[in-house]
Amino acid sequence: RRVHGGLLLEKKKIMNSILEKLQVEWKEDLFSRVIPFWSKNSLDKDFGGYFTCLDSDGSVFDDRKYVWLQGREVFMFSHLFIESSKFENVTREERISWLENARHGVEFMRKAMDDKGLVWFSLSRDGNTRLHYQRKPYAAVFFSQTTNSNKQQTTNKQQ
């Protein structure tokens with residue numbers, strides 16, 4: 001049993017080492033490539049919300065706005081803002097830009113809910129035309145998650 005237990009302990013150490021390396025790599029990739037890419041290319045400065053159908057060079061290949069993707073991006077920027085005190089080397093300017101980027105999406109997402117309280121799946125670029133409705137709650141889940149993130153932002157900003 002000692003040999004078997006020793007092998008398990010050794011495998012656990014190896015797995016932990018691999019996971020620690022991956023965590024460092026993913027964190028570096030997130031802050032050096034992913035967030036800058038989305039911050040630079042996805043914000044629709046003319047109509048609000050985000051472009052989510054982007055090519056690898058940042059060019060837009062479809063300007064429809066899918067509500068669940070809008071919600072994911074709001075959540076990402078909100079989460080970065082809320083958790084930023086845990087990150088090393090984050091500047092005040094980066095933190096403020098994440099908050100502004102999140103709010104940019106929240107304002108647009110309000111257009112996704114109609115008078116009956118239904119959340120549409122996709123909208124036109126300007127948000128004034130509701131393009132597609134699904135009975136599945138996917139878009140509504142991200143819509144409510146966005147509302148929750150916005151409340152946390154407001155609470156954290158006041159503290």
# chains A, B, ... in the order shown; residues from 1 in each chain; ligands from 1
>>> select_by_dssp(residues="range 65-143 of chain A", states="alpha helix (DSSP H)", output="PyMOL selection string")
chain A and resi 67-83+92-109+138-143
>>> select_by_dssp(residues="range 42-127 of chain A", states="strand (DSSP E or B)", output="ChimeraX atom specification")
/A:43,50,53-54,60-62,65-66,113,119,122-123
>>> write_last_selection(atoms="N, CA and C atoms", output="compact mmCIF listing (two decimals), in the first residue's frame")
# COMPACT_ATOMS: atom_id res chain seq x y z
N LEU A 43 -16.27 46.79 -29.18
CA LEU A 43 -17.21 47.85 -28.80
C LEU A 43 -17.75 48.57 -30.04
N TYR A 50 -21.84 45.26 -28.41
CA TYR A 50 -20.57 44.72 -28.90
C TYR A 50 -20.76 43.99 -30.22
N CYS A 53 -19.10 38.90 -33.78
CA CYS A 53 -18.69 38.07 -34.91
C CYS A 53 -17.50 38.75 -35.56
N LEU A 54 -16.33 38.47 -35.00
CA LEU A 54 -15.10 39.12 -35.44
C LEU A 54 -14.14 38.10 -36.03
N VAL A 60 -15.21 42.97 -38.49
CA VAL A 60 -16.56 42.47 -38.23
C VAL A 60 -17.06 41.74 -39.48
N PHE A 61 -17.51 40.49 -39.33
CA PHE A 61 -18.06 39.79 -40.47
C PHE A 61 -19.57 39.59 -40.37
N ASP A 62 -20.16 39.97 -39.24
CA ASP A 62 -21.61 39.93 -39.08
C ASP A 62 -21.95 40.93 -37.98
N LYS A 65 -26.45 41.37 -33.43
CA LYS A 65 -26.03 41.31 -32.04
C LYS A 65 -26.82 40.22 -31.33
N TYR A 66 -26.10 39.19 -30.95
CA TYR A 66 -26.68 38.06 -30.26
C TYR A 66 -26.67 38.35 -28.77
N MET A 113 -35.19 43.32 -24.38
CA MET A 113 -36.45 42.92 -23.73
C MET A 113 -37.60 43.73 -24.31
N VAL A 119 -37.17 38.24 -23.69
CA VAL A 119 -35.82 38.62 -24.11
C VAL A 119 -35.54 37.96 -25.45
N SER A 122 -31.62 37.70 -30.82
CA SER A 122 -30.72 38.54 -31.62
C SER A 122 -31.41 39.83 -32.03
N LEU A 123 -30.58 40.84 -32.20
CA LEU A 123 -31.05 42.18 -32.56
C LEU A 123 -30.25 42.70 -33.75
>>> residues_around(residues="Ile96 in chain A", least_positions_apart="3", cutoff="12 Å", atoms="only C-alpha atoms", output="number ranges by chain")
A: 77-78, 80-82, 84, 90-93, 99-103, 153, 157
>>> atom_distance(atom1="CA of Asp29 in chain A", atom2="CA of Arg72 in chain A")
18.4 Å
>>> atom_distance(atom1="CA of His104 in chain A", atom2="CA of Arg64 in chain A")
16.5 Å
>>> residues_around(residues="Ala112 in chain A", least_positions_apart="2", cutoff="8 Å", atoms="only C-alpha atoms", output="list in words")
Val67, Phe108, Met109, Arg110, Asp114, Val119, Trp120, Phe121, Ser122, Leu123, Gly127 and Arg130 of chain A
>>> write_last_selection(atoms="N, CA, C and O atoms", output="PDB file, in the first residue's frame")
ATOM      1  N   VAL A  67     -27.826  38.326 -28.164  1.00  0.00           N
ATOM      2  CA  VAL A  67     -27.975  38.785 -26.787  1.00  0.00           C
ATOM      3  C   VAL A  67     -27.148  37.966 -25.812  1.00  0.00           C
ATOM      4  O   VAL A  67     -26.534  38.501 -24.899  1.00  0.00           O
ATOM      5  N   PHE A 108     -27.023  48.746 -24.010  1.00  0.00           N
ATOM      6  CA  PHE A 108     -27.543  48.168 -25.252  1.00  0.00           C
ATOM      7  C   PHE A 108     -28.485  47.002 -24.964  1.00  0.00           C
ATOM      8  O   PHE A 108     -29.519  46.855 -25.622  1.00  0.00           O
ATOM      9  N   MET A 109     -28.148  46.172 -24.004  1.00  0.00           N
ATOM     10  CA  MET A 109     -28.941  44.968 -23.745  1.00  0.00           C
ATOM     11  C   MET A 109     -30.365  45.270 -23.305  1.00  0.00           C
ATOM     12  O   MET A 109     -31.249  44.436 -23.464  1.00  0.00           O
ATOM     13  N   ARG A 110     -30.589  46.444 -22.791  1.00  0.00           N
ATOM     14  CA  ARG A 110     -31.963  46.801 -22.394  1.00  0.00           C
ATOM     15  C   ARG A 110     -32.914  46.750 -23.583  1.00  0.00           C
ATOM     16  O   ARG A 110     -34.114  46.561 -23.425  1.00  0.00           O
ATOM     17  N   ASP A 114     -38.643  43.011 -24.685  1.00  0.00           N
ATOM     18  CA  ASP A 114     -39.801  43.709 -25.242  1.00  0.00           C
ATOM     19  C   ASP A 114     -40.800  44.078 -24.130  1.00  0.00           C
ATOM     20  O   ASP A 114     -40.552  43.830 -22.949  1.00  0.00           O
ATOM     21  N   VAL A 119     -37.168  38.236 -23.689  1.00  0.00           N
ATOM     22  CA  VAL A 119     -35.823  38.616 -24.107  1.00  0.00           C
ATOM     23  C   VAL A 119     -35.536  37.958 -25.454  1.00  0.00           C
ATOM     24  O   VAL A 119     -35.602  36.737 -25.582  1.00  0.00           O
ATOM     25  N   TRP A 120     -35.234  38.774 -26.437  1.00  0.00           N
ATOM     26  CA  TRP A 120     -34.984  38.291 -27.784  1.00  0.00           C
ATOM     27  C   TRP A 120     -33.572  37.732 -27.912  1.00  0.00           C
ATOM     28  O   TRP A 120     -32.653  38.167 -27.208  1.00  0.00           O
ATOM     29  N   PHE A 121     -33.387  36.797 -28.824  1.00  0.00           N
ATOM     30  CA  PHE A 121     -32.111  36.117 -29.024  1.00  0.00           C
ATOM     31  C   PHE A 121     -31.125  36.977 -29.805  1.00  0.00           C
ATOM     32  O   PHE A 121     -29.934  36.996 -29.506  1.00  0.00           O
ATOM     33  N   SER A 122     -31.617  37.696 -30.819  1.00  0.00           N
ATOM     34  CA  SER A 122     -30.717  38.536 -31.616  1.00  0.00           C
ATOM     35  C   SER A 122     -31.415  39.829 -32.032  1.00  0.00           C
ATOM     36  O   SER A 122     -32.640  39.887 -32.165  1.00  0.00           O
ATOM     37  N   LEU A 123     -30.581  40.841 -32.202  1.00  0.00           N
ATOM     38  CA  LEU A 123     -31.052  42.182 -32.561  1.00  0.00           C
ATOM     39  C   LEU A 123     -30.248  42.702 -33.745  1.00  0.00           C
ATOM     40  O   LEU A 123     -29.132  42.239 -34.005  1.00  0.00           O
ATOM     41  N   GLY A 127     -30.039  47.752 -32.535  1.00  0.00           N
ATOM     42  CA  GLY A 127     -30.869  47.249 -31.455  1.00  0.00           C
ATOM     43  C   GLY A 127     -32.342  47.562 -31.596  1.00  0.00           C
ATOM     44  O   GLY A 127     -33.157  47.130 -30.787  1.00  0.00           O
ATOM     45  N   ARG A 130     -35.770  43.639 -33.555  1.00  0.00           N
ATOM     46  CA  ARG A 130     -35.578  42.336 -32.910  1.00  0.00           C
ATOM     47  C   ARG A 130     -35.664  41.285 -34.007  1.00  0.00           C
ATOM     48  O   ARG A 130     -36.697  41.147 -34.659  1.00  0.00           O
TER      49      ARG A 130
END
